[in-house]
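Have a look at work_29.txt; it's compact mmCIF, N, CA and C atoms:
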```
# COMPACT_ATOMS: atom_id res chain seq x y z
N MET J 13 10.75 26.51 10.92
CA MET J 13 12.21 26.50 10.87
C MET J 13 12.75 27.23 12.10
N GLU J 14 13.76 26.66 12.72
CA GLU J 14 14.37 27.28 13.89
C GLU J 14 15.19 28.49 13.47
N PRO J 15 15.29 29.49 14.37
CA PRO J 15 16.14 30.63 14.06
C PRO J 15 17.58 30.18 13.89
N PRO J 16 18.35 30.90 13.08
CA PRO J 16 19.74 30.49 12.88
C PRO J 16 20.51 30.52 14.19
N CYS J 17 21.33 29.53 14.38
CA CYS J 17 22.17 29.43 15.57
C CYS J 17 23.60 29.73 15.16
N PRO J 18 24.33 30.53 15.96
CA PRO J 18 25.73 30.75 15.62
C PRO J 18 26.48 29.43 15.60
N VAL J 19 27.60 29.43 14.97
CA VAL J 19 28.41 28.20 14.92
C VAL J 19 28.69 27.75 16.35
N ALA J 20 28.28 26.54 16.65
CA ALA J 20 28.41 26.03 18.02
C ALA J 20 29.83 25.57 18.27
N GLU J 21 30.35 25.97 19.40
CA GLU J 21 31.63 25.44 19.85
C GLU J 21 31.42 24.10 20.53
N LEU J 22 30.23 23.94 21.08
CA LEU J 22 29.88 22.67 21.71
C LEU J 22 28.37 22.56 21.66
N GLU J 23 27.88 21.39 21.27
CA GLU J 23 26.44 21.13 21.28
C GLU J 23 26.24 19.72 21.79
N VAL J 24 25.36 19.59 22.77
CA VAL J 24 25.07 18.27 23.33
C VAL J 24 23.56 18.11 23.46
N GLU J 25 23.12 16.88 23.34
CA GLU J 25 21.73 16.55 23.61
C GLU J 25 21.74 15.57 24.77
N VAL J 26 20.99 15.90 25.80
CA VAL J 26 21.00 15.10 27.02
C VAL J 26 19.58 14.65 27.36
N ALA J 27 19.50 13.53 28.08
CA ALA J 27 18.21 13.07 28.57
C ALA J 27 17.68 14.09 29.56
N SER J 28 16.38 14.20 29.62
CA SER J 28 15.74 15.15 30.52
C SER J 28 15.83 14.63 31.96
N ARG J 29 17.01 14.78 32.53
CA ARG J 29 17.29 14.32 33.89
C ARG J 29 17.99 15.45 34.64
N LEU J 30 17.43 15.84 35.76
CA LEU J 30 18.00 16.95 36.53
C LEU J 30 19.45 16.70 36.93
N GLU J 31 19.87 15.45 37.02
CA GLU J 31 21.23 15.13 37.46
C GLU J 31 22.31 15.68 36.53
N VAL J 32 21.97 15.96 35.29
CA VAL J 32 22.99 16.44 34.34
C VAL J 32 23.19 17.96 34.42
N ILE J 33 22.31 18.65 35.13
CA ILE J 33 22.36 20.11 35.14
C ILE J 33 23.64 20.63 35.78
N ASP J 34 24.10 20.04 36.87
CA ASP J 34 25.32 20.53 37.53
C ASP J 34 26.50 20.55 36.56
N SER J 35 26.66 19.47 35.81
CA SER J 35 27.79 19.38 34.87
C SER J 35 27.68 20.42 33.75
N LEU J 36 26.48 20.64 33.26
CA LEU J 36 26.29 21.62 32.19
C LEU J 36 26.49 23.05 32.71
N GLU J 37 26.04 23.30 33.93
CA GLU J 37 26.28 24.61 34.53
C GLU J 37 27.79 24.85 34.69
N GLU J 38 28.50 23.85 35.17
CA GLU J 38 29.95 23.95 35.33
C GLU J 38 30.63 24.20 33.98
N ALA J 39 30.15 23.54 32.95
CA ALA J 39 30.71 23.74 31.61
C ALA J 39 30.45 25.18 31.14
N ALA J 40 29.29 25.72 31.45
CA ALA J 40 28.98 27.11 31.07
C ALA J 40 29.89 28.09 31.80
N VAL J 41 30.16 27.83 33.07
CA VAL J 41 31.07 28.70 33.84
C VAL J 41 32.47 28.63 33.23
N ASP J 42 32.94 27.43 32.94
CA ASP J 42 34.26 27.27 32.31
C ASP J 42 34.32 27.97 30.95
N PHE J 43 33.24 27.86 30.18
CA PHE J 43 33.15 28.50 28.87
C PHE J 43 33.27 30.02 29.03
N GLY J 44 32.57 30.57 30.01
CA GLY J 44 32.63 32.00 30.27
C GLY J 44 34.00 32.45 30.72
N LEU J 45 34.61 31.70 31.62
CA LEU J 45 35.95 32.04 32.10
C LEU J 45 36.97 32.00 30.96
N ALA J 46 36.88 30.96 30.12
CA ALA J 46 37.81 30.82 29.00
C ALA J 46 37.65 31.96 28.00
N ALA J 47 36.45 32.51 27.91
CA ALA J 47 36.19 33.60 26.97
C ALA J 47 36.57 34.96 27.53
N GLY J 48 36.86 35.01 28.84
CA GLY J 48 37.29 36.28 29.42
C GLY J 48 36.35 36.90 30.44
N LEU J 49 35.26 36.22 30.79
CA LEU J 49 34.39 36.76 31.84
C LEU J 49 35.10 36.63 33.19
N ASP J 50 34.81 37.56 34.09
CA ASP J 50 35.32 37.40 35.45
C ASP J 50 34.52 36.29 36.12
N ARG J 51 35.04 35.77 37.22
CA ARG J 51 34.43 34.60 37.88
C ARG J 51 32.97 34.84 38.23
N GLU J 52 32.64 35.98 38.81
CA GLU J 52 31.25 36.23 39.22
C GLU J 52 30.32 36.25 38.00
N SER J 53 30.72 36.94 36.94
CA SER J 53 29.88 37.00 35.73
C SER J 53 29.71 35.62 35.11
N ALA J 54 30.78 34.83 35.09
CA ALA J 54 30.71 33.48 34.54
C ALA J 54 29.79 32.61 35.38
N GLN J 55 29.86 32.74 36.70
CA GLN J 55 29.00 31.93 37.57
C GLN J 55 27.53 32.32 37.41
N LEU J 56 27.26 33.61 37.26
CA LEU J 56 25.89 34.05 37.08
C LEU J 56 25.34 33.61 35.72
N PHE J 57 26.19 33.63 34.70
CA PHE J 57 25.78 33.15 33.38
C PHE J 57 25.49 31.65 33.44
N GLY J 58 26.31 30.92 34.20
CA GLY J 58 26.05 29.50 34.42
C GLY J 58 24.73 29.27 35.14
N LEU J 59 24.41 30.15 36.09
CA LEU J 59 23.14 30.06 36.80
C LEU J 59 21.96 30.32 35.87
N ALA J 60 22.12 31.25 34.93
CA ALA J 60 21.07 31.49 33.94
C ALA J 60 20.82 30.22 33.13
N LEU J 61 21.91 29.54 32.74
CA LEU J 61 21.76 28.27 32.01
C LEU J 61 21.05 27.23 32.88
N ARG J 62 21.42 27.15 34.15
CA ARG J 62 20.78 26.20 35.08
C ARG J 62 19.26 26.42 35.08
N GLU J 63 18.84 27.66 35.14
CA GLU J 63 17.41 27.95 35.18
C GLU J 63 16.73 27.57 33.87
N ALA J 64 17.39 27.86 32.74
CA ALA J 64 16.81 27.49 31.44
C ALA J 64 16.70 25.97 31.32
N LEU J 65 17.72 25.26 31.75
CA LEU J 65 17.68 23.80 31.70
C LEU J 65 16.61 23.23 32.62
N THR J 66 16.52 23.75 33.81
CA THR J 66 15.51 23.27 34.77
C THR J 66 14.12 23.46 34.19
N ASN J 67 13.85 24.63 33.61
CA ASN J 67 12.54 24.88 33.01
C ASN J 67 12.29 23.94 31.83
N ALA J 68 13.30 23.75 30.98
CA ALA J 68 13.14 22.88 29.82
C ALA J 68 12.83 21.45 30.26
N MET J 69 13.51 21.00 31.30
CA MET J 69 13.31 19.62 31.75
C MET J 69 12.00 19.45 32.52
N ARG J 70 11.68 20.39 33.36
CA ARG J 70 10.45 20.28 34.17
C ARG J 70 9.20 20.54 33.33
N HIS J 71 9.20 21.66 32.63
CA HIS J 71 8.00 22.09 31.94
C HIS J 71 7.96 21.60 30.49
N GLY J 72 9.10 21.61 29.81
CA GLY J 72 9.13 21.18 28.42
C GLY J 72 9.08 19.67 28.26
N SER J 73 9.81 18.97 29.10
CA SER J 73 9.90 17.50 28.97
C SER J 73 9.16 16.76 30.08
N GLY J 74 8.64 17.48 31.04
CA GLY J 74 7.93 16.82 32.14
C GLY J 74 8.79 15.86 32.93
N LEU J 75 10.11 16.12 32.96
CA LEU J 75 11.08 15.26 33.64
C LEU J 75 11.04 13.83 33.13
N ASP J 76 10.67 13.67 31.88
CA ASP J 76 10.64 12.34 31.25
C ASP J 76 12.03 12.05 30.69
N PRO J 77 12.79 11.11 31.30
CA PRO J 77 14.15 10.84 30.82
C PRO J 77 14.18 10.25 29.41
N GLY J 78 13.02 9.87 28.89
CA GLY J 78 12.93 9.40 27.51
C GLY J 78 12.93 10.56 26.51
N GLN J 79 12.76 11.78 27.02
CA GLN J 79 12.83 12.96 26.17
C GLN J 79 14.18 13.63 26.38
N SER J 80 14.52 14.51 25.47
CA SER J 80 15.84 15.13 25.56
C SER J 80 15.75 16.65 25.50
N VAL J 81 16.86 17.26 25.85
CA VAL J 81 17.05 18.70 25.78
C VAL J 81 18.39 18.91 25.08
N ARG J 82 18.44 19.85 24.16
CA ARG J 82 19.68 20.16 23.44
C ARG J 82 20.25 21.47 24.00
N VAL J 83 21.56 21.48 24.20
CA VAL J 83 22.25 22.65 24.73
C VAL J 83 23.43 22.97 23.82
N SER J 84 23.61 24.25 23.50
CA SER J 84 24.79 24.62 22.73
C SER J 84 25.47 25.82 23.37
N PHE J 85 26.78 25.83 23.26
CA PHE J 85 27.65 26.88 23.76
C PHE J 85 28.33 27.48 22.54
N ALA J 86 28.20 28.78 22.32
CA ALA J 86 28.76 29.38 21.11
C ALA J 86 29.19 30.82 21.37
N ARG J 87 29.94 31.35 20.40
CA ARG J 87 30.23 32.78 20.34
C ARG J 87 29.63 33.28 19.05
N ASP J 88 28.95 34.42 19.10
CA ASP J 88 28.37 34.93 17.86
C ASP J 88 29.36 35.85 17.16
N ASP J 89 28.93 36.44 16.06
CA ASP J 89 29.84 37.26 15.28
C ASP J 89 30.24 38.57 15.96
N THR J 90 29.58 38.92 17.06
CA THR J 90 29.98 40.11 17.82
C THR J 90 30.93 39.74 18.96
N GLY J 91 31.16 38.44 19.13
CA GLY J 91 32.02 37.99 20.21
C GLY J 91 31.28 37.68 21.50
N SER J 92 29.96 37.91 21.50
CA SER J 92 29.17 37.59 22.69
C SER J 92 29.08 36.08 22.87
N LEU J 93 28.93 35.66 24.10
CA LEU J 93 28.70 34.25 24.40
C LEU J 93 27.21 33.99 24.29
N VAL J 94 26.85 32.87 23.70
CA VAL J 94 25.44 32.51 23.53
C VAL J 94 25.25 31.07 23.97
N LEU J 95 24.29 30.87 24.85
CA LEU J 95 23.89 29.54 25.27
C LEU J 95 22.47 29.32 24.76
N HIS J 96 22.24 28.18 24.12
CA HIS J 96 20.91 27.83 23.64
C HIS J 96 20.43 26.59 24.38
N VAL J 97 19.16 26.60 24.75
CA VAL J 97 18.52 25.43 25.35
C VAL J 97 17.27 25.16 24.55
N ARG J 98 17.17 23.94 24.01
CA ARG J 98 16.04 23.58 23.14
C ARG J 98 15.31 22.38 23.71
N ASP J 99 14.00 22.52 23.87
CA ASP J 99 13.17 21.38 24.26
C ASP J 99 12.07 21.22 23.22
N TRP J 100 11.33 20.13 23.32
CA TRP J 100 10.26 19.84 22.36
C TRP J 100 8.92 19.72 23.08
N GLY J 101 8.75 20.51 24.14
CA GLY J 101 7.53 20.46 24.94
C GLY J 101 6.41 21.31 24.36
N PRO J 102 5.42 21.62 25.20
CA PRO J 102 4.24 22.34 24.74
C PRO J 102 4.46 23.84 24.51
N GLY J 103 5.58 24.37 24.97
CA GLY J 103 5.81 25.81 24.85
C GLY J 103 5.05 26.57 25.94
N PHE J 104 5.20 27.87 25.96
CA PHE J 104 4.54 28.70 26.96
C PHE J 104 4.53 30.13 26.45
N VAL J 105 3.85 31.00 27.17
CA VAL J 105 3.79 32.42 26.81
C VAL J 105 4.60 33.19 27.85
N PRO J 106 5.81 33.62 27.50
CA PRO J 106 6.66 34.30 28.49
C PRO J 106 5.99 35.49 29.18
N ALA J 107 5.22 36.26 28.43
CA ALA J 107 4.57 37.44 29.02
C ALA J 107 3.51 37.06 30.05
N ALA J 108 3.03 35.82 30.02
CA ALA J 108 2.01 35.38 30.97
C ALA J 108 2.60 34.88 32.28
N VAL J 109 3.91 34.74 32.34
CA VAL J 109 4.55 34.28 33.57
C VAL J 109 4.63 35.45 34.53
N PRO J 110 4.06 35.32 35.72
CA PRO J 110 4.03 36.45 36.65
C PRO J 110 5.41 36.82 37.21
N ASP J 111 5.53 38.08 37.56
CA ASP J 111 6.75 38.57 38.19
C ASP J 111 6.84 37.97 39.59
N PRO J 112 7.89 37.20 39.89
CA PRO J 112 7.97 36.53 41.19
C PRO J 112 8.18 37.50 42.35
N ARG J 113 8.43 38.78 42.06
CA ARG J 113 8.64 39.75 43.13
C ARG J 113 7.33 40.36 43.64
N LEU J 114 6.23 40.11 42.92
CA LEU J 114 4.94 40.62 43.36
C LEU J 114 4.54 39.94 44.67
N PRO J 115 3.94 40.69 45.59
CA PRO J 115 3.60 40.11 46.90
C PRO J 115 2.81 38.80 46.80
N GLN J 116 1.87 38.72 45.88
CA GLN J 116 1.05 37.51 45.77
C GLN J 116 1.80 36.35 45.13
N GLN J 117 3.01 36.57 44.60
CA GLN J 117 3.79 35.53 43.94
C GLN J 117 4.98 35.03 44.77
N VAL J 118 5.39 35.81 45.75
CA VAL J 118 6.63 35.53 46.48
C VAL J 118 6.70 34.10 47.01
N GLU J 119 5.64 33.61 47.58
CA GLU J 119 5.67 32.27 48.18
C GLU J 119 5.35 31.16 47.18
N LEU J 120 4.88 31.50 46.00
CA LEU J 120 4.49 30.47 45.03
C LEU J 120 5.68 29.88 44.27
N GLY J 121 6.72 30.67 44.07
CA GLY J 121 7.90 30.17 43.36
C GLY J 121 7.78 30.19 41.85
N CYS J 122 6.67 30.62 41.33
CA CYS J 122 6.47 30.65 39.88
C CYS J 122 7.16 31.87 39.27
N GLY J 123 7.91 31.66 38.20
CA GLY J 123 8.53 32.76 37.47
C GLY J 123 9.95 33.11 37.88
N ARG J 124 10.46 32.46 38.91
CA ARG J 124 11.81 32.80 39.37
C ARG J 124 12.87 32.46 38.33
N GLY J 125 12.70 31.35 37.63
CA GLY J 125 13.68 30.95 36.63
C GLY J 125 13.82 31.99 35.53
N LEU J 126 12.70 32.48 35.01
CA LEU J 126 12.75 33.52 33.97
C LEU J 126 13.36 34.80 34.53
N PHE J 127 13.00 35.13 35.75
CA PHE J 127 13.56 36.32 36.39
C PHE J 127 15.08 36.23 36.47
N PHE J 128 15.59 35.09 36.94
CA PHE J 128 17.04 34.93 37.06
C PHE J 128 17.73 34.92 35.69
N MET J 129 17.12 34.27 34.70
CA MET J 129 17.72 34.29 33.36
C MET J 129 17.87 35.73 32.87
N ARG J 130 16.81 36.49 33.02
CA ARG J 130 16.83 37.89 32.54
C ARG J 130 17.80 38.75 33.35
N ARG J 131 17.98 38.40 34.58
CA ARG J 131 18.88 39.16 35.46
C ARG J 131 20.36 38.85 35.18
N PHE J 132 20.67 37.59 34.87
CA PHE J 132 22.06 37.16 34.78
C PHE J 132 22.61 37.06 33.36
N ALA J 133 21.76 37.20 32.36
CA ALA J 133 22.21 37.25 30.97
C ALA J 133 21.91 38.65 30.45
N ASP J 134 22.67 39.12 29.49
CA ASP J 134 22.43 40.45 28.93
C ASP J 134 21.22 40.48 28.02
N ASP J 135 20.88 39.35 27.43
CA ASP J 135 19.73 39.27 26.54
C ASP J 135 19.17 37.86 26.62
N VAL J 136 17.87 37.75 26.73
CA VAL J 136 17.20 36.46 26.77
C VAL J 136 16.12 36.48 25.69
N ARG J 137 16.12 35.44 24.87
CA ARG J 137 15.14 35.36 23.79
C ARG J 137 14.47 34.00 23.83
N PHE J 138 13.17 34.00 23.59
CA PHE J 138 12.39 32.77 23.53
C PHE J 138 11.82 32.65 22.12
N ASP J 139 12.14 31.56 21.46
CA ASP J 139 11.58 31.28 20.14
C ASP J 139 10.80 29.98 20.23
N PHE J 140 9.72 29.92 19.43
CA PHE J 140 8.85 28.76 19.46
C PHE J 140 8.71 28.21 18.04
N PRO J 141 9.57 27.25 17.70
CA PRO J 141 9.56 26.68 16.35
C PRO J 141 8.19 26.08 16.01
N PRO J 142 7.82 26.09 14.74
CA PRO J 142 6.51 25.56 14.35
C PRO J 142 6.30 24.09 14.71
N GLU J 143 7.39 23.32 14.79
CA GLU J 143 7.24 21.91 15.15
C GLU J 143 7.08 21.71 16.65
N GLY J 144 7.04 22.79 17.41
CA GLY J 144 6.78 22.73 18.85
C GLY J 144 8.03 22.95 19.68
N GLY J 145 7.80 23.10 20.96
CA GLY J 145 8.89 23.29 21.89
C GLY J 145 9.31 24.73 22.02
N CYS J 146 10.45 24.89 22.63
CA CYS J 146 10.98 26.23 22.93
C CYS J 146 12.49 26.23 22.74
N LEU J 147 12.98 27.32 22.19
CA LEU J 147 14.42 27.54 22.07
C LEU J 147 14.72 28.81 22.86
N VAL J 148 15.46 28.66 23.95
CA VAL J 148 15.86 29.79 24.78
C VAL J 148 17.28 30.16 24.40
N SER J 149 17.51 31.44 24.14
CA SER J 149 18.85 31.95 23.82
C SER J 149 19.27 32.92 24.92
N LEU J 150 20.38 32.62 25.55
CA LEU J 150 20.96 33.47 26.59
C LEU J 150 22.25 34.08 26.04
N ARG J 151 22.34 35.38 26.05
CA ARG J 151 23.51 36.06 25.49
C ARG J 151 24.20 36.88 26.57
N LYS J 152 25.52 36.77 26.58
CA LYS J 152 26.35 37.55 27.52
C LYS J 152 27.43 38.27 26.71
N ARG J 153 27.41 39.58 26.77
CA ARG J 153 28.41 40.37 26.05
C ARG J 153 29.73 40.34 26.81
N LEU J 154 30.80 40.23 26.05
CA LEU J 154 32.13 40.33 26.64
C LEU J 154 32.52 41.80 26.68
N ARG J 155 33.05 42.24 27.76
CA ARG J 155 33.38 43.67 27.88
C ARG J 155 34.82 43.91 27.58
```

Just give me the structure as structure tokens.
Amino acid sequence: MEPPCPVAELEVEVASRLEVIDSLEEAAVDFGLAAGLDRESAQLFGLALREALTNAMRHGSGLDPGQSVRVSFARDDTGSLVLHVRDWGPGFVPAAVPDPRLPQQVELGCGRGLFFMRRFADDVRFDFPPEGGCLVSLRKRLR
């Protein structure tokens, strides 16, 4: 069973196509601005969503447009903004992803997406439902 999701203000399921990421990132920025984030915070939160979507599509769906990724935009009961990205891929072990700042990792490009998500969201959670895949939750507190 998937962890409970706050009441979604918007939920969409899209084909695993990189072309849709720009629009979803823009929607996340607009969502943040409408909720009261300043422009820079909203843009960085949108960038965190971009990274989660890119990972879900590349690694979770293998860029197969026949597969989908679900995205939801919500506010939780504390008023924080929450973005969820759900794929049905093989999953992964977050702790096994190397720190991209390590000298031996800098040129490889591996782990940058997780690094940016953790940097630009106040809380990042990875859940792995028993039926497979990954549910990434990005939370941004309103100040």

Hey, could you make a per-residue contact list for segment 32-93 of chain J against segment 129-147 of chain J with 7 Å as the cut-off, showing the nearest pair of atoms and its distance in Å to one decimal, counting all atoms listed in the file, sorted by chain and number, as a tab-separated table?
```
residue	atom	partner	partner_atom	distance
J:Leu56	C	J:Phe132	CA	4.9
J:Phe57	CA	J:Phe132	C	5.0
J:Leu59	C	J:Met129	CA	6.3
J:Ala60	CA	J:Met129	CA	4.4
J:Leu61	N	J:Met129	CA	6.4
J:Glu63	CA	J:Met129	N	6.3
J:Ala64	N	J:Met129	CA	6.5
J:Gly72	CA	J:Gly145	CA	6.9
```

At a cut-off of 6.5 Å, can you tabulate as a Markdown table every residue of segment 22-116 of chain J near segment 152-155 of chain J together with its closest atom pair and the distance in Å to one decimal, using all atoms listed in the file and ordering rows by chain then number?
```
| residue | atom | partner | partner_atom | distance |
| --- | --- | --- | --- | --- |
| J:Gly91 | C | J:Leu154 | N | 5.2 |
| J:Ser92 | CA | J:Arg153 | CA | 4.4 |
| J:Leu93 | C | J:Lys152 | N | 4.0 |
| J:Val94 | N | J:Lys152 | N | 5.0 |
| J:Leu95 | N | J:Lys152 | N | 6.3 |
```

Task: Residue set, chain J restricted to strand (DSSP E or B), as a ChimeraX atom specification - done: /J:20-27,80-87,93-99,135-139,146-152

TODO: Go through J:Asn67, J:Arg82, J:Ala39, J:Gln55 and flag the residue nearest Leu126 of chain J, using only N, CA and C atoms for the distances.
DONE: J:Asn67

Open item on the list: Rounded to one decimal, what separation in Å do you get between atom C of Leu65 of chain J and atom CA of Ala40 of chain J?
Closed with: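 The value is 13.1 Å.
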
Please return as an mmCIF file with N, CA and C atoms, in the coordinates of the input: the residues of chain J that backbone DSSP assigns to alpha helix (DSSP H).
```
data_model
loop_
_atom_site.group_PDB
_atom_site.id
_atom_site.type_symbol
_atom_site.label_atom_id
_atom_site.label_comp_id
_atom_site.auth_asym_id
_atom_site.auth_seq_id
_atom_site.Cartn_x
_atom_site.Cartn_y
_atom_site.Cartn_z
ATOM 1 N N ILE J 33 22.310 18.650 35.130
ATOM 2 C CA ILE J 33 22.360 20.110 35.140
ATOM 3 C C ILE J 33 23.640 20.630 35.780
ATOM 4 N N ASP J 34 24.100 20.040 36.870
ATOM 5 C CA ASP J 34 25.320 20.530 37.530
ATOM 6 C C ASP J 34 26.500 20.550 36.560
ATOM 7 N N SER J 35 26.660 19.470 35.810
ATOM 8 C CA SER J 35 27.790 19.380 34.870
ATOM 9 C C SER J 35 27.680 20.420 33.750
ATOM 10 N N LEU J 36 26.480 20.640 33.260
ATOM 11 C CA LEU J 36 26.290 21.620 32.190
ATOM 12 C C LEU J 36 26.490 23.050 32.710
ATOM 13 N N GLU J 37 26.040 23.300 33.930
ATOM 14 C CA GLU J 37 26.280 24.610 34.530
ATOM 15 C C GLU J 37 27.790 24.850 34.690
ATOM 16 N N GLU J 38 28.500 23.850 35.170
ATOM 17 C CA GLU J 38 29.950 23.950 35.330
ATOM 18 C C GLU J 38 30.630 24.200 33.980
ATOM 19 N N ALA J 39 30.150 23.540 32.950
ATOM 20 C CA ALA J 39 30.710 23.740 31.610
ATOM 21 C C ALA J 39 30.450 25.180 31.140
ATOM 22 N N ALA J 40 29.290 25.720 31.450
ATOM 23 C CA ALA J 40 28.980 27.110 31.070
ATOM 24 C C ALA J 40 29.890 28.090 31.800
ATOM 25 N N VAL J 41 30.160 27.830 33.070
ATOM 26 C CA VAL J 41 31.070 28.700 33.840
ATOM 27 C C VAL J 41 32.470 28.630 33.230
ATOM 28 N N ASP J 42 32.940 27.430 32.940
ATOM 29 C CA ASP J 42 34.260 27.270 32.310
ATOM 30 C C ASP J 42 34.320 27.970 30.950
ATOM 31 N N PHE J 43 33.240 27.860 30.180
ATOM 32 C CA PHE J 43 33.150 28.500 28.870
ATOM 33 C C PHE J 43 33.270 30.020 29.030
ATOM 34 N N GLY J 44 32.570 30.570 30.010
ATOM 35 C CA GLY J 44 32.630 32.000 30.270
ATOM 36 C C GLY J 44 34.000 32.450 30.720
ATOM 37 N N LEU J 45 34.610 31.700 31.620
ATOM 38 C CA LEU J 45 35.950 32.040 32.100
ATOM 39 C C LEU J 45 36.970 32.000 30.960
ATOM 40 N N ALA J 46 36.880 30.960 30.120
ATOM 41 C CA ALA J 46 37.810 30.820 29.000
ATOM 42 C C ALA J 46 37.650 31.960 28.000
ATOM 43 N N ALA J 47 36.450 32.510 27.910
ATOM 44 C CA ALA J 47 36.190 33.600 26.970
ATOM 45 C C ALA J 47 36.570 34.960 27.530
ATOM 46 N N ARG J 51 35.040 35.770 37.220
ATOM 47 C CA ARG J 51 34.430 34.600 37.880
ATOM 48 C C ARG J 51 32.970 34.840 38.230
ATOM 49 N N GLU J 52 32.640 35.980 38.810
ATOM 50 C CA GLU J 52 31.250 36.230 39.220
ATOM 51 C C GLU J 52 30.320 36.250 38.000
ATOM 52 N N SER J 53 30.720 36.940 36.940
ATOM 53 C CA SER J 53 29.880 37.000 35.730
ATOM 54 C C SER J 53 29.710 35.620 35.110
ATOM 55 N N ALA J 54 30.780 34.830 35.090
ATOM 56 C CA ALA J 54 30.710 33.480 34.540
ATOM 57 C C ALA J 54 29.790 32.610 35.380
ATOM 58 N N GLN J 55 29.860 32.740 36.700
ATOM 59 C CA GLN J 55 29.000 31.930 37.570
ATOM 60 C C GLN J 55 27.530 32.320 37.410
ATOM 61 N N LEU J 56 27.260 33.610 37.260
ATOM 62 C CA LEU J 56 25.890 34.050 37.080
ATOM 63 C C LEU J 56 25.340 33.610 35.720
ATOM 64 N N PHE J 57 26.190 33.630 34.700
ATOM 65 C CA PHE J 57 25.780 33.150 33.380
ATOM 66 C C PHE J 57 25.490 31.650 33.440
ATOM 67 N N GLY J 58 26.310 30.920 34.200
ATOM 68 C CA GLY J 58 26.050 29.500 34.420
ATOM 69 C C GLY J 58 24.730 29.270 35.140
ATOM 70 N N LEU J 59 24.410 30.150 36.090
ATOM 71 C CA LEU J 59 23.140 30.060 36.800
ATOM 72 C C LEU J 59 21.960 30.320 35.870
ATOM 73 N N ALA J 60 22.120 31.250 34.930
ATOM 74 C CA ALA J 60 21.070 31.490 33.940
ATOM 75 C C ALA J 60 20.820 30.220 33.130
ATOM 76 N N LEU J 61 21.910 29.540 32.740
ATOM 77 C CA LEU J 61 21.760 28.270 32.010
ATOM 78 C C LEU J 61 21.050 27.230 32.880
ATOM 79 N N ARG J 62 21.420 27.150 34.150
ATOM 80 C CA ARG J 62 20.780 26.200 35.080
ATOM 81 C C ARG J 62 19.260 26.420 35.080
ATOM 82 N N GLU J 63 18.840 27.660 35.140
ATOM 83 C CA GLU J 63 17.410 27.950 35.180
ATOM 84 C C GLU J 63 16.730 27.570 33.870
ATOM 85 N N ALA J 64 17.390 27.860 32.740
ATOM 86 C CA ALA J 64 16.810 27.490 31.440
ATOM 87 C C ALA J 64 16.700 25.970 31.320
ATOM 88 N N LEU J 65 17.720 25.260 31.750
ATOM 89 C CA LEU J 65 17.680 23.800 31.700
ATOM 90 C C LEU J 65 16.610 23.230 32.620
ATOM 91 N N THR J 66 16.520 23.750 33.810
ATOM 92 C CA THR J 66 15.510 23.270 34.770
ATOM 93 C C THR J 66 14.120 23.460 34.190
ATOM 94 N N ASN J 67 13.850 24.630 33.610
ATOM 95 C CA ASN J 67 12.540 24.880 33.010
ATOM 96 C C ASN J 67 12.290 23.940 31.830
ATOM 97 N N ARG J 124 10.460 32.460 38.910
ATOM 98 C CA ARG J 124 11.810 32.800 39.370
ATOM 99 C C ARG J 124 12.870 32.460 38.330
ATOM 100 N N GLY J 125 12.700 31.350 37.630
ATOM 101 C CA GLY J 125 13.680 30.950 36.630
ATOM 102 C C GLY J 125 13.820 31.990 35.530
ATOM 103 N N LEU J 126 12.700 32.480 35.010
ATOM 104 C CA LEU J 126 12.750 33.520 33.970
ATOM 105 C C LEU J 126 13.360 34.800 34.530
ATOM 106 N N PHE J 127 13.000 35.130 35.750
ATOM 107 C CA PHE J 127 13.560 36.320 36.390
ATOM 108 C C PHE J 127 15.080 36.230 36.470
ATOM 109 N N PHE J 128 15.590 35.090 36.940
ATOM 110 C CA PHE J 128 17.040 34.930 37.060
ATOM 111 C C PHE J 128 17.730 34.920 35.690
ATOM 112 N N MET J 129 17.120 34.270 34.700
ATOM 113 C CA MET J 129 17.720 34.290 33.360
ATOM 114 C C MET J 129 17.870 35.730 32.870
ATOM 115 N N ARG J 130 16.810 36.490 33.020
ATOM 116 C CA ARG J 130 16.830 37.890 32.540
ATOM 117 C C ARG J 130 17.800 38.750 33.350
ATOM 118 N N ARG J 131 17.980 38.400 34.580
ATOM 119 C CA ARG J 131 18.880 39.160 35.460
ATOM 120 C C ARG J 131 20.360 38.850 35.180
ATOM 121 N N PHE J 132 20.670 37.590 34.870
ATOM 122 C CA PHE J 132 22.060 37.160 34.780
ATOM 123 C C PHE J 132 22.610 37.060 33.360
#
```

TODO: Report the distance between atom CA of Gly48 of chain J and atom CA of Leu30 of chain J in Å, rounded to one decimal place.
DONE: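 Taking atom CA of Gly48 of chain J as the start and atom CA of Leu30 of chain J as the end point, the length is 28.2 Å.
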
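Counting from atom C of Ala27 of chain J, the distance to atom CA of Gly103 of chain J is 17.3 Å.
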
Task: Closest of J:Arg29, J:Phe43, J:Arg87, J:Glu38 to Arg70 of chain J - atom-to-atom distances counting all atoms listed in the file - done: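 Using all atoms listed in the file, the shortest distance to Arg70 of chain J belongs to J:Arg29.
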
Open item on the list: My list of candidates is J:Gly101, J:Val148, J:Arg124, J:Gly58. Which is closest to Leu36 of chain J when distances are computed with only N, CA and C atoms?
Closed with: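 Distance minimum relative to Leu36 of chain J lands on J:Gly58.
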
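Each of J:Ser149, J:Thr66, J:Gln79, J:Ser84 was compared to Glu23 of chain J using only N, CA and C atoms, and J:Ser84 turns out to be the nearest.
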
- [ ] May I ask which of the residues J:Val32, J:Leu45, J:Leu150, J:Val81 is the closest one to Met69 of chain J, counting all atoms listed in the file?
- [x]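 Closest candidate: J:Val81.
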